[in-house]
$ cat query-v3.pdb   # PDB, C-alpha atoms
MODEL        1
ATOM      1  CA  ARG A   1     -95.968 -29.684 102.314  1.00  0.00           C
ATOM      2  CA  GLU A   2     -98.337 -27.241 103.985  1.00  0.00           C
ATOM      3  CA  ALA A   3    -100.940 -29.969 104.403  1.00  0.00           C
ATOM      4  CA  LEU A   4     -98.381 -32.223 106.098  1.00  0.00           C
ATOM      5  CA  GLU A   5     -97.203 -29.459 108.427  1.00  0.00           C
ATOM      6  CA  ASP A   6    -100.808 -28.664 109.324  1.00  0.00           C
ATOM      7  CA  ALA A   7    -101.574 -32.346 109.945  1.00  0.00           C
ATOM      8  CA  ILE A   8     -98.527 -32.629 112.234  1.00  0.00           C
ATOM      9  CA  ARG A   9     -99.626 -29.535 114.182  1.00  0.00           C
ATOM     10  CA  GLN A  10    -103.003 -31.192 114.777  1.00  0.00           C
ATOM     11  CA  LEU A  11    -101.427 -34.183 116.531  1.00  0.00           C
ATOM     12  CA  PRO A  12    -101.541 -34.384 120.325  1.00  0.00           C
ATOM     13  CA  ASP A  13     -98.298 -33.092 121.877  1.00  0.00           C
ATOM     14  CA  GLU A  14     -97.126 -36.567 122.949  1.00  0.00           C
ATOM     15  CA  GLN A  15     -97.502 -37.959 119.437  1.00  0.00           C
ATOM     16  CA  ARG A  16     -95.973 -34.909 117.774  1.00  0.00           C
ATOM     17  CA  GLU A  17     -92.894 -35.219 120.016  1.00  0.00           C
ATOM     18  CA  VAL A  18     -92.365 -38.858 119.048  1.00  0.00           C
ATOM     19  CA  VAL A  19     -92.840 -38.186 115.320  1.00  0.00           C
ATOM     20  CA  THR A  20     -90.386 -35.293 115.474  1.00  0.00           C
ATOM     21  CA  LEU A  21     -87.744 -37.321 117.296  1.00  0.00           C
ATOM     22  CA  LYS A  22     -88.233 -40.374 115.053  1.00  0.00           C
ATOM     23  CA  ILE A  23     -88.296 -38.677 111.660  1.00  0.00           C
ATOM     24  CA  TRP A  24     -86.259 -35.500 112.030  1.00  0.00           C
ATOM     25  CA  GLY A  25     -84.172 -36.540 115.021  1.00  0.00           C
ATOM     26  CA  GLU A  26     -83.544 -39.983 113.467  1.00  0.00           C
ATOM     27  CA  LEU A  27     -83.832 -41.634 116.891  1.00  0.00           C
ATOM     28  CA  GLY A  28     -84.902 -45.192 117.569  1.00  0.00           C
ATOM     29  CA  PHE A  29     -87.746 -46.024 119.927  1.00  0.00           C
ATOM     30  CA  ARG A  30     -85.317 -46.907 122.724  1.00  0.00           C
ATOM     31  CA  GLU A  31     -83.679 -43.485 122.433  1.00  0.00           C
ATOM     32  CA  ILE A  32     -87.043 -41.741 122.210  1.00  0.00           C
ATOM     33  CA  GLY A  33     -88.232 -43.584 125.305  1.00  0.00           C
ATOM     34  CA  GLU A  34     -85.134 -42.542 127.217  1.00  0.00           C
ATOM     35  CA  ALA A  35     -85.424 -38.923 126.073  1.00  0.00           C
ATOM     36  CA  LEU A  36     -89.096 -38.660 127.037  1.00  0.00           C
ATOM     37  CA  GLY A  37     -89.052 -40.919 130.081  1.00  0.00           C
ATOM     38  CA  ILE A  38     -91.460 -43.448 128.552  1.00  0.00           C
ATOM     39  CA  SER A  39     -91.180 -47.114 127.634  1.00  0.00           C
ATOM     40  CA  ILE A  40     -90.098 -48.317 124.202  1.00  0.00           C
ATOM     41  CA  ASN A  41     -93.584 -49.752 123.679  1.00  0.00           C
ATOM     42  CA  THR A  42     -95.228 -46.433 124.542  1.00  0.00           C
ATOM     43  CA  ALA A  43     -92.945 -44.600 122.120  1.00  0.00           C
ATOM     44  CA  ALA A  44     -93.775 -47.082 119.355  1.00  0.00           C
ATOM     45  CA  SER A  45     -97.505 -46.915 120.092  1.00  0.00           C
ATOM     46  CA  ARG A  46     -97.534 -43.126 120.010  1.00  0.00           C
ATOM     47  CA  TYR A  47     -95.717 -43.247 116.681  1.00  0.00           C
ATOM     48  CA  ARG A  48     -98.207 -45.730 115.223  1.00  0.00           C
ATOM     49  CA  TYR A  49    -101.181 -43.673 116.428  1.00  0.00           C
ATOM     50  CA  ALA A  50     -99.594 -40.504 115.042  1.00  0.00           C
ATOM     51  CA  LEU A  51     -99.043 -42.055 111.615  1.00  0.00           C
ATOM     52  CA  LYS A  52    -102.652 -43.238 111.546  1.00  0.00           C
ATOM     53  CA  LYS A  53    -103.927 -39.756 112.457  1.00  0.00           C
ATOM     54  CA  LEU A  54    -101.631 -38.138 109.901  1.00  0.00           C
ATOM     55  CA  SER A  55    -102.929 -40.478 107.236  1.00  0.00           C
ATOM     56  CA  LEU A  56    -106.554 -39.742 108.110  1.00  0.00           C
ATOM     57  CA  ASN A  57    -105.961 -35.978 108.277  1.00  0.00           C
ATOM     58  CA  LEU A  58    -104.180 -35.964 104.915  1.00  0.00           C
ATOM     59  CA  GLU A  59    -106.937 -38.055 103.302  1.00  0.00           C
ATOM     60  CA  LYS A  60    -109.500 -35.566 104.623  1.00  0.00           C
ATOM     61  CA  GLU A  61    -107.423 -32.719 103.228  1.00  0.00           C
ATOM     62  CA  GLU A  62    -107.358 -34.362  99.791  1.00  0.00           C
ATOM     63  CA  LEU A  63    -111.116 -34.846  99.790  1.00  0.00           C
ATOM     64  CA  THR A  64    -111.795 -31.215 100.630  1.00  0.00           C
ATOM     65  CA  ALA A  65    -109.204 -29.791  98.236  1.00  0.00           C
TER      66      ALA A  65
ENDMDL
END

$ encode --input "query-v3.pdb" --output "structure tokens"
Amino acid sequence: REALEDAIRQLPDEQREVVTLKIWGELGFREIGEALGISINTAASRYRYALKKLSLNLEKEELTA
């Protein structure tokens, strides 16, 4: 859990906002776009990039643990 929280903190603010709204806020990309004043496609892209970074950060964490 700590590794995941640390990986989320390392995300750029824009990506962290989208991940938070998507996962914990249970919002769809349309709702996220409206809340943040961005397009649906931008919200989805930020989410995809965030998941990729989270995956890479967690893999790195596993290798160094």

$ residues_around --input "query-v3.pdb" --residues "Glu5 in chain A" --least-positions-apart "5" --cutoff "12 Å" --atoms "only C-alpha atoms" --output "ChimeraX atom specification"
/A:10-11,16,19-20,54,57-58,61

$ closest_residue --input "query-v3.pdb" --among "A:Ile40, A:Ala3, A:Ile23, A:Ile8" --to "Lys52 in chain A" --atoms "only C-alpha atoms"
A:Ile8

$ residues_around --input "query-v3.pdb" --residues "range 41-48 of chain A" --least-positions-apart "2" --cutoff "12 Å" --atoms "all atoms listed in the file" --output "number ranges by chain"
A: 8, 11-23, 27-39, 50-55

$ axis_aligned_box --input "query-v3.pdb" --around "range 48-57 of chain A" --padding-each-side "6 Å" --output "JSON"
{"center_x": -102.4, "center_y": -40.9, "center_z": 111.8, "size_x": 20.3, "size_y": 21.8, "size_z": 21.2}

$ decode --input "query-v3.pdb" --residues "range 8-41 of chain A" --atoms "N, CA, C and O atoms" --output "CSV table (one decimal), in the first residue's frame"
chain,number,residue,atom,x,y,z
A,8,ILE,N,1.7,7.1,-6.5
A,8,ILE,CA,0.7,8.1,-6.9
A,8,ILE,C,1.2,9.5,-6.6
A,8,ILE,O,1.0,10.5,-7.4
A,9,ARG,N,1.9,9.7,-5.4
A,9,ARG,CA,2.4,11.1,-5.1
A,9,ARG,C,3.5,11.5,-6.1
A,9,ARG,O,3.7,12.7,-6.3
A,10,GLN,N,4.1,10.6,-6.8
A,10,GLN,CA,5.1,10.9,-7.8
A,10,GLN,C,4.6,11.4,-9.1
A,10,GLN,O,5.3,11.9,-10.0
A,11,LEU,N,3.3,11.1,-9.3
A,11,LEU,CA,2.6,11.5,-10.6
A,11,LEU,C,2.6,13.0,-10.7
A,11,LEU,O,2.4,13.7,-9.7
A,12,PRO,N,2.6,13.6,-12.0
A,12,PRO,CA,2.3,15.0,-12.1
A,12,PRO,C,0.9,15.3,-11.6
A,12,PRO,O,0.0,14.5,-11.6
A,13,ASP,N,0.7,16.6,-11.2
A,13,ASP,CA,-0.5,17.0,-10.6
A,13,ASP,C,-1.7,16.6,-11.5
A,13,ASP,O,-2.7,16.1,-11.0
A,14,GLU,N,-1.6,16.9,-12.8
A,14,GLU,CA,-2.7,16.7,-13.7
A,14,GLU,C,-3.1,15.3,-13.7
A,14,GLU,O,-4.3,14.9,-13.8
A,15,GLN,N,-2.2,14.4,-13.7
A,15,GLN,CA,-2.5,12.9,-13.8
A,15,GLN,C,-3.0,12.5,-12.5
A,15,GLN,O,-3.9,11.6,-12.4
A,16,ARG,N,-2.4,12.9,-11.4
A,16,ARG,CA,-2.9,12.5,-10.1
A,16,ARG,C,-4.4,12.9,-9.8
A,16,ARG,O,-5.1,12.2,-9.3
A,17,GLU,N,-4.7,14.1,-10.3
A,17,GLU,CA,-6.1,14.6,-10.2
A,17,GLU,C,-7.1,13.6,-10.9
A,17,GLU,O,-8.1,13.2,-10.4
A,18,VAL,N,-6.7,13.2,-12.1
A,18,VAL,CA,-7.6,12.3,-12.9
A,18,VAL,C,-7.7,11.0,-12.3
A,18,VAL,O,-8.8,10.4,-12.2
A,19,VAL,N,-6.6,10.4,-11.8
A,19,VAL,CA,-6.6,9.1,-11.2
A,19,VAL,C,-7.5,9.2,-9.9
A,19,VAL,O,-8.3,8.3,-9.7
A,20,THR,N,-7.3,10.2,-9.1
A,20,THR,CA,-8.1,10.3,-7.9
A,20,THR,C,-9.6,10.4,-8.2
A,20,THR,O,-10.4,9.7,-7.6
A,21,LEU,N,-10.0,11.2,-9.2
A,21,LEU,CA,-11.4,11.4,-9.6
A,21,LEU,C,-11.9,10.1,-10.2
A,21,LEU,O,-13.1,9.7,-9.9
A,22,LYS,N,-11.1,9.4,-11.0
A,22,LYS,CA,-11.6,8.1,-11.7
A,22,LYS,C,-11.7,7.0,-10.7
A,22,LYS,O,-12.8,6.3,-10.6
A,23,ILE,N,-10.7,6.8,-9.8
A,23,ILE,CA,-10.7,5.6,-9.0
A,23,ILE,C,-11.5,5.8,-7.7
A,23,ILE,O,-12.4,5.1,-7.4
A,24,TRP,N,-11.2,6.9,-7.0
A,24,TRP,CA,-11.8,7.1,-5.7
A,24,TRP,C,-13.1,7.9,-5.8
A,24,TRP,O,-14.0,7.7,-5.0
A,25,GLY,N,-13.1,8.8,-6.8
A,25,GLY,CA,-14.4,9.6,-7.0
A,25,GLY,C,-15.4,8.8,-7.9
A,25,GLY,O,-16.5,9.2,-8.0
A,26,GLU,N,-14.9,7.7,-8.5
A,26,GLU,CA,-15.8,6.9,-9.4
A,26,GLU,C,-16.5,7.7,-10.5
A,26,GLU,O,-17.7,7.5,-10.8
A,27,LEU,N,-15.8,8.7,-11.0
A,27,LEU,CA,-16.3,9.5,-12.1
A,27,LEU,C,-15.9,8.9,-13.5
A,27,LEU,O,-14.8,8.3,-13.6
A,28,GLY,N,-16.7,9.2,-14.5
A,28,GLY,CA,-16.4,8.8,-15.8
A,28,GLY,C,-15.5,9.9,-16.4
A,28,GLY,O,-15.4,11.0,-15.9
A,29,PHE,N,-15.0,9.7,-17.6
A,29,PHE,CA,-14.1,10.7,-18.2
A,29,PHE,C,-14.9,11.9,-18.6
A,29,PHE,O,-14.3,13.0,-18.5
A,30,ARG,N,-16.1,11.8,-19.0
A,30,ARG,CA,-16.9,13.0,-19.3
A,30,ARG,C,-17.0,13.9,-18.0
A,30,ARG,O,-16.8,15.1,-18.1
A,31,GLU,N,-17.3,13.2,-16.9
A,31,GLU,CA,-17.5,14.0,-15.6
A,31,GLU,C,-16.2,14.6,-15.2
A,31,GLU,O,-16.1,15.7,-14.7
A,32,ILE,N,-15.1,13.8,-15.4
A,32,ILE,CA,-13.8,14.3,-15.0
A,32,ILE,C,-13.4,15.6,-15.9
A,32,ILE,O,-12.9,16.6,-15.4
A,33,GLY,N,-13.7,15.4,-17.2
A,33,GLY,CA,-13.4,16.5,-18.1
A,33,GLY,C,-14.2,17.8,-17.7
A,33,GLY,O,-13.6,18.9,-17.7
A,34,GLU,N,-15.5,17.6,-17.3
A,34,GLU,CA,-16.3,18.8,-16.9
A,34,GLU,C,-15.7,19.4,-15.6
A,34,GLU,O,-15.7,20.6,-15.5
A,35,ALA,N,-15.3,18.5,-14.7
A,35,ALA,CA,-14.9,19.0,-13.4
A,35,ALA,C,-13.5,19.8,-13.5
A,35,ALA,O,-13.3,20.7,-12.8
A,36,LEU,N,-12.7,19.3,-14.4
A,36,LEU,CA,-11.4,19.9,-14.6
A,36,LEU,C,-11.3,20.9,-15.7
A,36,LEU,O,-10.2,21.5,-15.9
A,37,GLY,N,-12.4,21.0,-16.5
A,37,GLY,CA,-12.3,21.9,-17.6
A,37,GLY,C,-11.4,21.5,-18.8
A,37,GLY,O,-10.8,22.3,-19.4
A,38,ILE,N,-11.4,20.2,-19.0
A,38,ILE,CA,-10.6,19.6,-20.1
A,38,ILE,C,-11.5,18.7,-20.9
A,38,ILE,O,-12.6,18.3,-20.5
A,39,SER,N,-11.0,18.3,-22.1
A,39,SER,CA,-11.8,17.4,-22.9
A,39,SER,C,-11.9,16.0,-22.4
A,39,SER,O,-11.0,15.6,-21.6
A,40,ILE,N,-12.8,15.2,-22.8
A,40,ILE,CA,-12.9,13.8,-22.5
A,40,ILE,C,-11.6,13.0,-22.9
A,40,ILE,O,-11.1,12.2,-22.1
A,41,ASN,N,-11.1,13.4,-24.1
A,41,ASN,CA,-9.9,12.7,-24.6
A,41,ASN,C,-8.7,13.0,-23.7
A,41,ASN,O,-7.9,12.2,-23.5
